[in-house]
file protein.pdb (PDB, C-alpha atoms)
ATOM      1  CA  MET A   1      -8.366 -19.530   9.624
ATOM      2  CA  GLU A   2      -7.825 -16.363   7.596
ATOM      3  CA  THR A   3      -4.186 -15.476   7.008
ATOM      4  CA  ASP A   4      -2.734 -12.512   8.872
ATOM      5  CA  LEU A   5      -2.175 -10.649   5.598
ATOM      6  CA  ALA A   6      -5.753 -11.208   4.434
ATOM      7  CA  ALA A   7      -6.985  -9.997   7.827
ATOM      8  CA  THR A   8      -4.799  -6.903   7.542
ATOM      9  CA  ALA A   9      -6.172  -6.228   4.056
ATOM     10  CA  ARG A  10      -9.703  -6.611   5.358
ATOM     11  CA  ALA A  11      -9.099  -4.145   8.193
ATOM     12  CA  THR A  12      -7.631  -1.587   5.787
ATOM     13  CA  ALA A  13     -10.679  -1.961   3.552
ATOM     14  CA  ALA A  14     -12.918  -1.381   6.581
ATOM     15  CA  TRP A  15     -11.333   1.989   7.270
ATOM     16  CA  ARG A  16     -11.742   2.900   3.601
ATOM     17  CA  ALA A  17     -15.412   1.964   3.889
ATOM     18  CA  VAL A  18     -15.877   4.172   6.945
ATOM     19  CA  GLU A  19     -14.205   7.085   5.156
ATOM     20  CA  SER A  20     -16.301   6.543   2.031
ATOM     21  CA  ALA A  21     -19.485   6.819   4.101
ATOM     22  CA  ARG A  22     -18.625  10.337   5.280
ATOM     23  CA  ASP A  23     -20.320  13.392   3.824
ATOM     24  CA  ASP A  24     -16.883  14.779   2.889
ATOM     25  CA  PRO A  25     -14.751  11.734   2.045
ATOM     26  CA  LEU A  26     -11.197  12.098   0.792
ATOM     27  CA  PHE A  27     -12.006   9.329  -1.678
ATOM     28  CA  ARG A  28     -14.887   7.028  -2.489
ATOM     29  CA  ASP A  29     -14.382   3.274  -2.489
ATOM     30  CA  PRO A  30     -17.714   1.629  -3.337
ATOM     31  CA  TRP A  31     -16.286  -1.870  -2.818
ATOM     32  CA  ALA A  32     -14.504  -1.365   0.493
ATOM     33  CA  ALA A  33     -17.448  -2.430   2.659
ATOM     34  CA  VAL A  34     -17.925  -5.650   0.695
ATOM     35  CA  LEU A  35     -14.232  -6.454   0.942
ATOM     36  CA  ALA A  36     -14.077  -5.740   4.657
ATOM     37  CA  GLY A  37     -17.300  -7.489   5.590
ATOM     38  CA  GLN A  38     -20.178  -5.746   7.294
ATOM     39  CA  GLU A  39     -19.280  -7.003  10.755
ATOM     40  CA  MET A  40     -15.867  -5.347  10.720
ATOM     41  CA  VAL A  41     -17.188  -2.115   9.212
ATOM     42  CA  THR A  42     -19.904  -1.907  11.869
ATOM     43  CA  GLN A  43     -17.391  -2.587  14.628
ATOM     44  CA  LEU A  44     -15.060   0.195  13.512
ATOM     45  CA  ALA A  45     -17.848   2.660  12.750
ATOM     46  CA  SER A  46     -19.315   2.179  16.236
ATOM     47  CA  GLN A  47     -16.189   3.454  17.969
ATOM     48  CA  PRO A  48     -16.320   6.950  19.525
ATOM     49  CA  PRO A  49     -15.619   9.571  16.842
ATOM     50  CA  ASP A  50     -12.313  10.691  18.369
ATOM     51  CA  VAL A  51     -11.048   7.121  18.736
ATOM     52  CA  GLN A  52     -12.223   6.256  15.249
ATOM     53  CA  ALA A  53     -10.600   9.319  13.686
ATOM     54  CA  GLN A  54      -7.209   8.727  15.284
ATOM     55  CA  ALA A  55      -7.181   4.999  14.504
ATOM     56  CA  ALA A  56      -8.151   5.518  10.876
ATOM     57  CA  SER A  57      -6.225   8.657  10.043
ATOM     58  CA  TYR A  58      -3.007   7.089   8.759
ATOM     59  CA  THR A  59      -4.770   4.622   6.456
ATOM     60  CA  ILE A  60      -6.985   7.405   5.107
ATOM     61  CA  VAL A  61      -4.178   9.929   4.601
ATOM     62  CA  ARG A  62      -1.929   7.301   3.027
ATOM     63  CA  THR A  63      -4.663   6.194   0.624
ATOM     64  CA  ARG A  64      -5.353   9.741  -0.562
ATOM     65  CA  PHE A  65      -1.639  10.575  -0.793
ATOM     66  CA  PHE A  66      -0.936   7.669  -3.117
ATOM     67  CA  ASP A  67      -4.199   8.177  -5.022
ATOM     68  CA  ASP A  68      -3.031  11.671  -5.923
ATOM     69  CA  TRP A  69       0.467  10.459  -6.759
ATOM     70  CA  LEU A  70      -0.748   7.643  -9.015
ATOM     71  CA  THR A  71      -3.131   9.863 -10.953
ATOM     72  CA  SER A  72      -0.292  12.347 -11.540
ATOM     73  CA  GLN A  73       1.761   9.715 -13.405
ATOM     74  CA  ALA A  74      -0.133  10.039 -16.672
ATOM     75  CA  ASP A  75       2.970   9.442 -18.789
ATOM     76  CA  CYS A  76       3.332   5.829 -17.569
ATOM     77  CA  ARG A  77       1.079   3.108 -18.922
ATOM     78  CA  GLN A  78       2.391   0.306 -16.701
ATOM     79  CA  VAL A  79       1.411   0.209 -13.021
ATOM     80  CA  VAL A  80       2.371  -2.518 -10.548
ATOM     81  CA  LEU A  81       0.855  -2.767  -7.071
ATOM     82  CA  LEU A  82       3.189  -4.785  -4.844
ATOM     83  CA  GLY A  83       1.313  -6.463  -2.013
ATOM     84  CA  ALA A  84      -1.949  -5.182  -3.482
ATOM     85  CA  GLY A  85      -4.168  -6.649  -0.775
ATOM     86  CA  PHE A  86      -7.757  -5.474  -1.193
ATOM     87  CA  ASP A  87      -6.792  -2.426  -3.249
ATOM     88  CA  THR A  88      -9.537  -1.192  -5.596
ATOM     89  CA  ARG A  89      -7.669   1.490  -7.524
ATOM     90  CA  ALA A  90      -8.020  -0.471 -10.767
ATOM     91  CA  PHE A  91     -11.764   0.154 -10.464
ATOM     92  CA  ARG A  92     -12.089   3.538  -8.792
ATOM     93  CA  LEU A  93      -9.332   5.727 -10.286
ATOM     94  CA  ALA A  94      -9.422   7.304 -13.745
ATOM     95  CA  TRP A  95      -6.648   5.689 -15.775
ATOM     96  CA  PRO A  96      -5.274   6.929 -19.113
ATOM     97  CA  ALA A  97      -6.224   4.826 -22.106
ATOM     98  CA  GLY A  98      -3.833   1.947 -22.642
ATOM     99  CA  THR A  99      -2.869   1.526 -18.985
ATOM    100  CA  THR A 100      -2.164  -1.983 -17.705
ATOM    101  CA  LEU A 101      -2.210  -2.544 -13.948
ATOM    102  CA  TRP A 102      -0.866  -5.650 -12.238
ATOM    103  CA  GLU A 103      -1.891  -6.610  -8.702
ATOM    104  CA  LEU A 104       0.668  -8.849  -6.978
ATOM    105  CA  ASP A 105       0.025 -10.602  -3.685
ATOM    106  CA  GLN A 106      -0.087 -13.973  -2.011
ATOM    107  CA  PRO A 107      -2.535 -16.488  -3.521
ATOM    108  CA  ALA A 108      -4.729 -16.568  -0.389
ATOM    109  CA  VAL A 109      -5.130 -12.785  -0.389
ATOM    110  CA  LEU A 110      -6.043 -12.592  -4.078
ATOM    111  CA  ALA A 111      -8.448 -15.518  -3.688
ATOM    112  CA  ALA A 112     -10.202 -13.855  -0.740
ATOM    113  CA  LYS A 113     -10.552 -10.676  -2.788
ATOM    114  CA  ASP A 114     -12.006 -12.552  -5.751
ATOM    115  CA  VAL A 115     -14.572 -14.263  -3.512
ATOM    116  CA  ALA A 116     -15.634 -10.981  -1.908
ATOM    117  CA  LEU A 117     -16.067  -9.240  -5.276
ATOM    118  CA  ALA A 118     -17.673 -12.168  -7.094
ATOM    119  CA  ASP A 119     -21.192 -10.713  -6.945
ATOM    120  CA  GLU A 120     -20.065  -7.121  -7.482
ATOM    121  CA  ARG A 121     -18.277  -7.606 -10.796
ATOM    122  CA  PRO A 122     -16.677  -4.142 -10.801
ATOM    123  CA  ALA A 123     -15.420  -2.850 -14.125
ATOM    124  CA  ALA A 124     -11.761  -1.857 -14.248
ATOM    125  CA  GLY A 125     -10.804   1.420 -15.910
ATOM    126  CA  CYS A 126      -7.602  -0.191 -17.175
ATOM    127  CA  THR A 127      -6.356  -3.601 -18.214
ATOM    128  CA  ARG A 128      -6.218  -5.316 -14.814
ATOM    129  CA  ARG A 129      -4.121  -8.420 -14.247
ATOM    130  CA  THR A 130      -3.671 -10.274 -10.964
ATOM    131  CA  LEU A 131      -0.587 -12.314 -10.246
ATOM    132  CA  ALA A 132      -0.158 -14.642  -7.286
ATOM    133  CA  ALA A 133       3.384 -14.042  -6.078
ATOM    134  CA  ASP A 134       5.730 -14.492  -3.157
ATOM    135  CA  LEU A 135       7.415 -11.099  -3.045
ATOM    136  CA  THR A 136      10.139 -12.459  -0.773
ATOM    137  CA  GLY A 137      11.171 -15.070  -3.340
ATOM    138  CA  PRO A 138      13.122 -15.046  -6.609
ATOM    139  CA  ALA A 139      10.403 -16.094  -9.054
ATOM    140  CA  TRP A 140       7.987 -13.169  -9.212
ATOM    141  CA  PRO A 141      10.000 -10.909 -11.591
ATOM    142  CA  GLN A 142      10.014 -13.566 -14.324
ATOM    143  CA  ALA A 143       6.333 -14.274 -13.704
ATOM    144  CA  LEU A 144       5.577 -10.563 -14.107
ATOM    145  CA  LEU A 145       7.472 -10.449 -17.380
ATOM    146  CA  GLU A 146       5.507 -13.462 -18.594
ATOM    147  CA  ALA A 147       2.329 -11.634 -17.558
ATOM    148  CA  GLY A 148       3.160  -8.842 -19.991
ATOM    149  CA  LEU A 149       5.356  -6.260 -18.288
ATOM    150  CA  VAL A 150       7.561  -4.540 -20.866
ATOM    151  CA  VAL A 151      10.839  -3.840 -19.127
ATOM    152  CA  GLU A 152      11.960  -1.265 -21.722
ATOM    153  CA  GLN A 153       9.034   1.006 -20.848
ATOM    154  CA  PRO A 154       8.724   3.082 -17.646
ATOM    155  CA  THR A 155       6.672   1.544 -14.863
ATOM    156  CA  VAL A 156       4.956   3.017 -11.817
ATOM    157  CA  TRP A 157       5.431   0.814  -8.757
ATOM    158  CA  LEU A 158       3.496   1.143  -5.500
ATOM    159  CA  ALA A 159       4.478  -0.682  -2.314
ATOM    160  CA  GLU A 160       1.788   0.508   0.094
ATOM    161  CA  GLY A 161       1.470  -1.125   3.495
ATOM    162  CA  LEU A 162       4.112  -3.707   2.578
ATOM    163  CA  LEU A 163       7.745  -2.908   3.359
ATOM    164  CA  PRO A 164       7.520  -2.675   7.181
ATOM    165  CA  TYR A 165       6.209  -6.253   7.274
ATOM    166  CA  LEU A 166       9.264  -7.640   5.437
ATOM    167  CA  GLU A 167      12.616  -8.541   6.933
ATOM    168  CA  PRO A 168      15.416  -6.036   6.102
ATOM    169  CA  LEU A 169      17.121  -8.432   3.693
ATOM    170  CA  ALA A 170      13.792  -9.053   1.934
ATOM    171  CA  VAL A 171      13.299  -5.293   1.545
ATOM    172  CA  GLU A 172      16.755  -4.898  -0.010
ATOM    173  CA  THR A 173      16.127  -7.849  -2.318
ATOM    174  CA  LEU A 174      12.711  -6.571  -3.368
ATOM    175  CA  LEU A 175      14.008  -3.084  -4.127
ATOM    176  CA  GLY A 176      16.760  -4.624  -6.218
ATOM    177  CA  GLN A 177      14.313  -6.806  -8.121
ATOM    178  CA  VAL A 178      12.051  -3.834  -8.824
ATOM    179  CA  ALA A 179      15.014  -1.798  -9.999
ATOM    180  CA  GLY A 180      16.025  -4.564 -12.376
ATOM    181  CA  LEU A 181      12.614  -4.364 -14.045
ATOM    182  CA  SER A 182      12.520  -0.570 -14.242
ATOM    183  CA  ALA A 183      13.489   1.549 -17.221
ATOM    184  CA  ALA A 184      14.829   5.048 -16.653
ATOM    185  CA  GLY A 185      11.988   7.349 -15.660
ATOM    186  CA  SER A 186      10.106   4.672 -13.742
ATOM    187  CA  ARG A 187       8.564   5.793 -10.464
ATOM    188  CA  LEU A 188       8.310   4.150  -7.050
ATOM    189  CA  GLY A 189       5.939   5.029  -4.233
ATOM    190  CA  ALA A 190       6.250   3.422  -0.805
ATOM    191  CA  ASP A 191       5.536   3.924   2.862
ATOM    192  CA  PHE A 192       7.965   2.986   5.572
ATOM    193  CA  VAL A 193       8.549   3.459   9.286
ATOM    194  CA  THR A 194      11.588   4.580  11.225
ATOM    195  CA  GLU A 195      13.517   2.108  13.372
ATOM    196  CA  GLY A 196      12.246   3.824  16.499
ATOM    197  CA  PHE A 197       8.645   3.562  15.391
ATOM    198  CA  ARG A 198       9.073  -0.094  14.482
ATOM    199  CA  ALA A 199      10.494  -0.951  17.888
ATOM    200  CA  ALA A 200       7.868   1.050  19.785
ATOM    201  CA  ARG A 201       4.979  -0.451  17.872
ATOM    202  CA  ASN A 202       6.206  -3.993  18.319
ATOM    203  CA  ALA A 203       6.725  -3.417  22.038
ATOM    204  CA  TYR A 204       3.139  -2.188  22.316
ATOM    205  CA  VAL A 205       1.764  -5.158  20.375
ATOM    206  CA  ALA A 206       3.638  -7.485  22.736
ATOM    207  CA  THR A 207       1.702  -6.041  25.688
ATOM    208  CA  LEU A 208      -1.680  -6.948  24.218
ATOM    209  CA  ALA A 209      -3.387  -9.998  25.641
ATOM    210  CA  PRO A 210      -4.032 -12.614  22.926
ATOM    211  CA  ALA A 211      -7.788 -12.274  23.343
ATOM    212  CA  ALA A 212      -7.595  -8.498  23.033
ATOM    213  CA  ALA A 213      -5.151  -8.321  20.131
ATOM    214  CA  PRO A 214      -7.010  -8.012  16.833
ATOM    215  CA  GLN A 215      -6.059 -10.661  14.300
ATOM    216  CA  GLN A 216      -4.872  -8.049  11.833
ATOM    217  CA  VAL A 217      -2.082  -6.771  14.143
ATOM    218  CA  VAL A 218       1.126  -8.099  12.574
ATOM    219  CA  LEU A 219       4.623  -7.226  13.759
ATOM    220  CA  PHE A 220       6.801  -4.837  11.793
ATOM    221  CA  HIS A 221      10.125  -6.368  10.787
ATOM    222  CA  SER A 222      11.964  -3.484   9.160
ATOM    223  CA  GLY A 223      12.382   0.258   9.361
ATOM    224  CA  THR A 224      14.771   2.862   8.029
ATOM    225  CA  ASP A 225      16.221   6.105   9.297
ATOM    226  CA  ALA A 226      17.945   6.751   5.947
ATOM    227  CA  PRO A 227      15.357   6.342   3.168
ATOM    228  CA  ALA A 228      17.398   8.244   0.575
ATOM    229  CA  GLY A 229      20.329   5.897   1.086
ATOM    230  CA  LEU A 230      18.127   2.821   1.065
ATOM    231  CA  LEU A 231      16.576   3.766  -2.261
ATOM    232  CA  GLY A 232      19.744   5.252  -3.712
ATOM    233  CA  GLY A 233      21.564   1.972  -3.231
ATOM    234  CA  HIS A 234      19.254   0.511  -5.872
ATOM    235  CA  GLY A 235      19.355   3.371  -8.352
ATOM    236  CA  TRP A 236      16.286   5.249  -7.102
ATOM    237  CA  GLN A 237      16.477   8.996  -6.574
ATOM    238  CA  LEU A 238      14.263  10.190  -3.736
ATOM    239  CA  GLU A 239      11.831  12.798  -5.053
ATOM    240  CA  ARG A 240       9.588  13.334  -2.078
ATOM    241  CA  LEU A 241       9.714  12.401   1.587
ATOM    242  CA  THR A 242       6.934  13.486   3.887
ATOM    243  CA  HIS A 243       4.964  12.446   6.937
ATOM    244  CA  PRO A 244       1.225  12.244   7.630
ATOM    245  CA  GLY A 245       0.181  15.542   9.116
ATOM    246  CA  ALA A 246       2.650  17.563   7.034
ATOM    247  CA  ALA A 247       1.192  20.293   4.858
ATOM    248  CA  ASP A 248       1.317  18.040   1.787
ATOM    249  CA  ALA A 249      -0.023  14.948   3.575
ATOM    250  CA  ASN A 250      -2.745  16.079   5.932
ATOM    251  CA  PHE A 251      -5.988  16.547   3.969
ATOM    252  CA  GLY A 252      -7.752  17.539   7.186
ATOM    253  CA  ARG A 253      -7.786  13.932   8.411
ATOM    254  CA  TRP A 254      -4.517  13.424  10.288
ATOM    255  CA  MET A 255      -5.266  13.136  14.000
ATOM    256  CA  GLY A 256      -2.068  11.593  15.352
ATOM    257  CA  PRO A 257       0.500  13.261  17.616
ATOM    258  CA  ALA A 258       3.716  14.727  16.219
ATOM    259  CA  GLU A 259       5.879  11.877  17.527
ATOM    260  CA  LEU A 260       3.706   9.380  15.658
ATOM    261  CA  SER A 261       3.833  11.398  12.461
ATOM    262  CA  ALA A 262       7.632  11.573  12.584
ATOM    263  CA  GLY A 263       7.878   7.782  12.576
ATOM    264  CA  LEU A 264       5.774   7.289   9.451
ATOM    265  CA  LEU A 265       7.386   7.895   6.060
ATOM    266  CA  LEU A 266       5.622   8.500   2.756
ATOM    267  CA  MET A 267       8.086   8.397  -0.127
ATOM    268  CA  THR A 268       8.220   8.711  -3.896
ATOM    269  CA  ALA A 269      11.278   8.179  -6.081
ATOM    270  CA  VAL A 270      12.340   8.110  -9.723
ATOM    271  CA  ARG A 271      14.616   5.609 -11.464
ATOM    272  CA  ASP A 272      17.946   7.286 -12.067
ATOM    273  CA  ALA A 273      18.493   7.709 -15.817
ATOM    274  CA  ARG A 274      22.213   6.987 -15.358
ATOM    275  CA  VAL A 275      21.513   3.416 -14.249
ATOM    276  CA  ARG A 276      20.191   2.031 -17.516
TER     277      ARG A 276
END
call {"tool": "encode", "arguments": {"input": "protein.pdb", "output": "C-alpha cells"}}
result
Amino acid sequence: METDLAATARATAAWRAVESARDDPLFRDPWAAVLAGQEMVTQLASQPPDVQAQAASYTIVRTRFFDDWLTSQADCRQVVLLGAGFDTRAFRLAWPAGTTLWELDQPAVLAAKDVALADERPAAGCTRRTLAADLTGPAWPQALLEAGLVVEQPTVWLAEGLLPYLEPLAVETLLGQVAGLSAAGSRLGADFVTEGFRAARNAYVATLAPAAAPQQVVLFHSGTDAPAGLLGGHGWQLERLTHPGAADANFGRWMGPAELSAGLLLMTAVRDARVR
C-alpha cells in the first residue's frame, strides 16, 4: 500500500497537472501528470469547474508563490527542499549557473518519484541531489553535509507542504537544525496553518467515512498563531507573511473564502546576521 506521504505528493502533482493543462497556467509542470498518474488526474479534472477551482486553488497559489520566491534568490547557489515530495522545480525552473539543489524526503517517496520519472529522464537545470532522510530525526543534517552542503555559504531552504504534518516538537527541532546549517543571509520559505485552522480541518476529516476519505487526507499536527516568534526563536527574521487571496498571493486563482485564507500562512524569512 502506498504511504500516506507518497499519496499526498501524488495528489499535489495531480493539481499541478490540471493547472498546467489550462490555456493560462500560472506555471507549467510537464512531469506532473506522470507523477500523479493518469487516473488521479482524470478524476480531479472531471470535477465541476467551480469545485475543481476551489479544491485546487491553495496548491496552485502556493506553488506559484514559492516559484517566484525561489527564482528571486539568485545570490544563493545552495537550495534545499525539505519534504520535497514530487517537486519538479529542479527541472522546470531556471537556475543560476553553479546552483546545487538537494531534495530531502522519506525513502519511499523518493523511490516512487524515481519510478514515475524513469522513462521521462528530465534534465535538471542545476546540480540535483536526492537524499533519503527522516526529517524528524537527528541524522539528516550530517547526511546533508556529507552530500555536499557548505555550511559557510548561504542556503535557500523551502519547507512546502511539510510543517503542518509534523508534531510541534518536531517543528521546533527541525527549525533549529536548519538554523544550525545556515550562514547569515540564508533564506527560509515555509507554509503553515493557524491553530484554529488545524483544529477545524482535523475535525472535518474525522467526519469523513473511511470509504469516502481520500487516501491522501492526512491529519495536521501543528499550527501557529505567532509565526514571527516561532521563527525568531531560531534566529530567523520574518520578512514576509501573507495569505492566499491577498494582493501578493492571489494570481487570479484563489477561490477560497476569507476565513479559509486567514488560516493559511505563507512565510519567508532571512537568517539573522547577528546569530553567526
call {"tool": "atom_distance", "arguments": {"input": "protein.pdb", "atom1": "CA of Leu174 in chain A", "atom2": "CA of Arg92 in chain A"}}
result
27.3 Å
call {"tool": "resolve_selection", "arguments": {"input": "protein.pdb", "expression": "the PyMOL selection byres ((chain A and resi 154-162) around 6)", "output": "PyMOL selection string"}}
result
chain A and resi 78-82+153+163-165+183+185-191
call {"tool": "resolve_selection", "arguments": {"input": "protein.pdb", "expression": "the PyMOL selection byres ((chain A and resi 43-49) around 12)", "output": "number ranges by chain"}}
result
A: 10-22, 33, 36-42, 50-57, 214, 255
call {"tool": "resolve_selection", "arguments": {"input": "protein.pdb", "expression": "the PyMOL selection byres ((chain A and resi 171) around 10)", "output": "PDB file with C-alpha atoms, in the coordinates of the input"}}
result
ATOM      1  CA  LEU A 135       7.415 -11.099  -3.045  1.00  0.00           C
ATOM      2  CA  THR A 136      10.139 -12.459  -0.773  1.00  0.00           C
ATOM      3  CA  LEU A 162       4.112  -3.707   2.578  1.00  0.00           C
ATOM      4  CA  LEU A 163       7.745  -2.908   3.359  1.00  0.00           C
ATOM      5  CA  PRO A 164       7.520  -2.675   7.181  1.00  0.00           C
ATOM      6  CA  TYR A 165       6.209  -6.253   7.274  1.00  0.00           C
ATOM      7  CA  LEU A 166       9.264  -7.640   5.437  1.00  0.00           C
ATOM      8  CA  GLU A 167      12.616  -8.541   6.933  1.00  0.00           C
ATOM      9  CA  PRO A 168      15.416  -6.036   6.102  1.00  0.00           C
ATOM     10  CA  LEU A 169      17.121  -8.432   3.693  1.00  0.00           C
ATOM     11  CA  ALA A 170      13.792  -9.053   1.934  1.00  0.00           C
ATOM     12  CA  GLU A 172      16.755  -4.898  -0.010  1.00  0.00           C
ATOM     13  CA  THR A 173      16.127  -7.849  -2.318  1.00  0.00           C
ATOM     14  CA  LEU A 174      12.711  -6.571  -3.368  1.00  0.00           C
ATOM     15  CA  LEU A 175      14.008  -3.084  -4.127  1.00  0.00           C
ATOM     16  CA  GLY A 176      16.760  -4.624  -6.218  1.00  0.00           C
ATOM     17  CA  GLN A 177      14.313  -6.806  -8.121  1.00  0.00           C
ATOM     18  CA  HIS A 221      10.125  -6.368  10.787  1.00  0.00           C
ATOM     19  CA  SER A 222      11.964  -3.484   9.160  1.00  0.00           C
ATOM     20  CA  GLY A 223      12.382   0.258   9.361  1.00  0.00           C
ATOM     21  CA  LEU A 230      18.127   2.821   1.065  1.00  0.00           C
TER      22      LEU A 230
END
call {"tool": "residues_around", "arguments": {"input": "protein.pdb", "residues": "Thr100 in chain A", "least_positions_apart": "2", "cutoff": "8 Å", "atoms": "all atoms listed in the file", "output": "mmCIF file with C-alpha atoms, in the frame of the given file"}}
result
data_model
loop_
_atom_site.group_PDB
_atom_site.id
_atom_site.type_symbol
_atom_site.label_atom_id
_atom_site.label_comp_id
_atom_site.auth_asym_id
_atom_site.auth_seq_id
_atom_site.Cartn_x
_atom_site.Cartn_y
_atom_site.Cartn_z
ATOM 1 C CA ARG A 77 1.079 3.108 -18.922
ATOM 2 C CA GLN A 78 2.391 0.306 -16.701
ATOM 3 C CA VAL A 79 1.411 0.209 -13.021
ATOM 4 C CA GLY A 98 -3.833 1.947 -22.642
ATOM 5 C CA TRP A 102 -0.866 -5.650 -12.238
ATOM 6 C CA CYS A 126 -7.602 -0.191 -17.175
ATOM 7 C CA THR A 127 -6.356 -3.601 -18.214
ATOM 8 C CA ARG A 128 -6.218 -5.316 -14.814
ATOM 9 C CA ARG A 129 -4.121 -8.420 -14.247
#
call {"tool": "closest_residue", "arguments": {"input": "protein.pdb", "among": "A:Phe192, A:Phe86, A:Trp31, A:Tyr204", "to": "Leu264 in chain A", "atoms": "all atoms listed in the file"}}
result
A:Phe192
call {"tool": "atom_distance", "arguments": {"input": "protein.pdb", "atom1": "CA of Trp140 in chain A", "atom2": "CA of Arg198 in chain A"}}
result
27.1 Å
call {"tool": "closest_residue", "arguments": {"input": "protein.pdb", "among": "A:Ala139, A:Ala200, A:Pro30, A:Pro107", "to": "Ala123 in chain A", "atoms": "all atoms listed in the file"}}
result
A:Pro30
call {"tool": "closest_residue", "arguments": {"input": "protein.pdb", "among": "A:Asp114, A:Asp248, A:Asp29, A:Asp75", "to": "Leu93 in chain A", "atoms": "all atoms listed in the file"}}
result
A:Asp29
call {"tool": "residues_around", "arguments": {"input": "protein.pdb", "residues": "Ala258 in chain A", "least_positions_apart": "3", "cutoff": "8 Å", "atoms": "only C-alpha atoms", "output": "PDB file with C-alpha atoms, in the coordinates of the input"}}
result
ATOM      1  CA  GLY A 245       0.181  15.542   9.116  1.00  0.00           C
ATOM      2  CA  SER A 261       3.833  11.398  12.461  1.00  0.00           C
ATOM      3  CA  ALA A 262       7.632  11.573  12.584  1.00  0.00           C
TER       4      ALA A 262
END
call {"tool": "atom_distance", "arguments": {"input": "protein.pdb", "atom1": "CA of Glu146 in chain A", "atom2": "CA of Ala116 in chain A"}}
result
27.0 Å
call {"tool": "closest_residue", "arguments": {"input": "protein.pdb", "among": "A:Arg253, A:Arg28, A:Lys113, A:His243", "to": "Ile60 in chain A", "atoms": "all atoms listed in the file"}}
result
A:Arg253
call {"tool": "closest_residue", "arguments": {"input": "protein.pdb", "among": "A:Ala124, A:Leu5, A:Ser72, A:Val61", "to": "Ala247 in chain A", "atoms": "all atoms listed in the file"}}
result
A:Val61
call {"tool": "closest_residue", "arguments": {"input": "protein.pdb", "among": "A:Gly85, A:Asp67, A:Asp225, A:Trp95", "to": "Ala108 in chain A", "atoms": "only C-alpha atoms"}}
result
A:Gly85
call {"tool": "decode", "arguments": {"input": "protein.pdb", "residues": "range 247-261 of chain A", "atoms": "N, CA and C atoms", "output": "compact mmCIF listing (two decimals), in the first residue's frame"}}
result
# COMPACT_ATOMS: atom_id res chain seq x y z
N ALA A 247 -3.28 40.40 -1.95
CA ALA A 247 -2.88 41.00 -3.22
C ALA A 247 -1.59 40.40 -3.77
N ASP A 248 -0.68 39.99 -2.88
CA ASP A 248 0.60 39.44 -3.32
C ASP A 248 0.59 37.91 -3.39
N ALA A 249 -0.57 37.30 -3.20
CA ALA A 249 -0.65 35.83 -3.24
C ALA A 249 -2.04 35.41 -3.72
N ASN A 250 -2.40 35.94 -4.86
CA ASN A 250 -3.71 35.64 -5.44
C ASN A 250 -3.57 35.03 -6.82
N PHE A 251 -2.93 35.80 -7.73
CA PHE A 251 -2.63 35.35 -9.09
C PHE A 251 -3.89 35.01 -9.89
N GLY A 252 -5.04 35.48 -9.42
CA GLY A 252 -6.28 35.19 -10.13
C GLY A 252 -6.77 33.78 -9.98
N ARG A 253 -6.22 33.02 -9.02
CA ARG A 253 -6.60 31.62 -8.85
C ARG A 253 -7.25 31.32 -7.49
N TRP A 254 -7.07 32.21 -6.51
CA TRP A 254 -7.59 31.88 -5.19
C TRP A 254 -9.12 31.96 -5.19
N MET A 255 -9.76 30.87 -4.79
CA MET A 255 -11.20 30.78 -4.82
C MET A 255 -11.80 30.52 -3.44
N GLY A 256 -10.97 30.48 -2.40
CA GLY A 256 -11.47 30.14 -1.08
C GLY A 256 -12.08 31.33 -0.36
N PRO A 257 -12.90 31.07 0.66
CA PRO A 257 -13.48 32.15 1.45
C PRO A 257 -12.45 32.82 2.33
N ALA A 258 -12.79 34.00 2.85
CA ALA A 258 -11.84 34.78 3.65
C ALA A 258 -11.41 34.03 4.91
N GLU A 259 -12.34 33.30 5.55
CA GLU A 259 -11.97 32.60 6.77
C GLU A 259 -10.97 31.47 6.51
N LEU A 260 -11.04 30.89 5.31
CA LEU A 260 -10.05 29.87 4.94
C LEU A 260 -8.70 30.52 4.68
N SER A 261 -8.71 31.61 3.97
CA SER A 261 -7.47 32.32 3.66
C SER A 261 -6.73 32.72 4.93
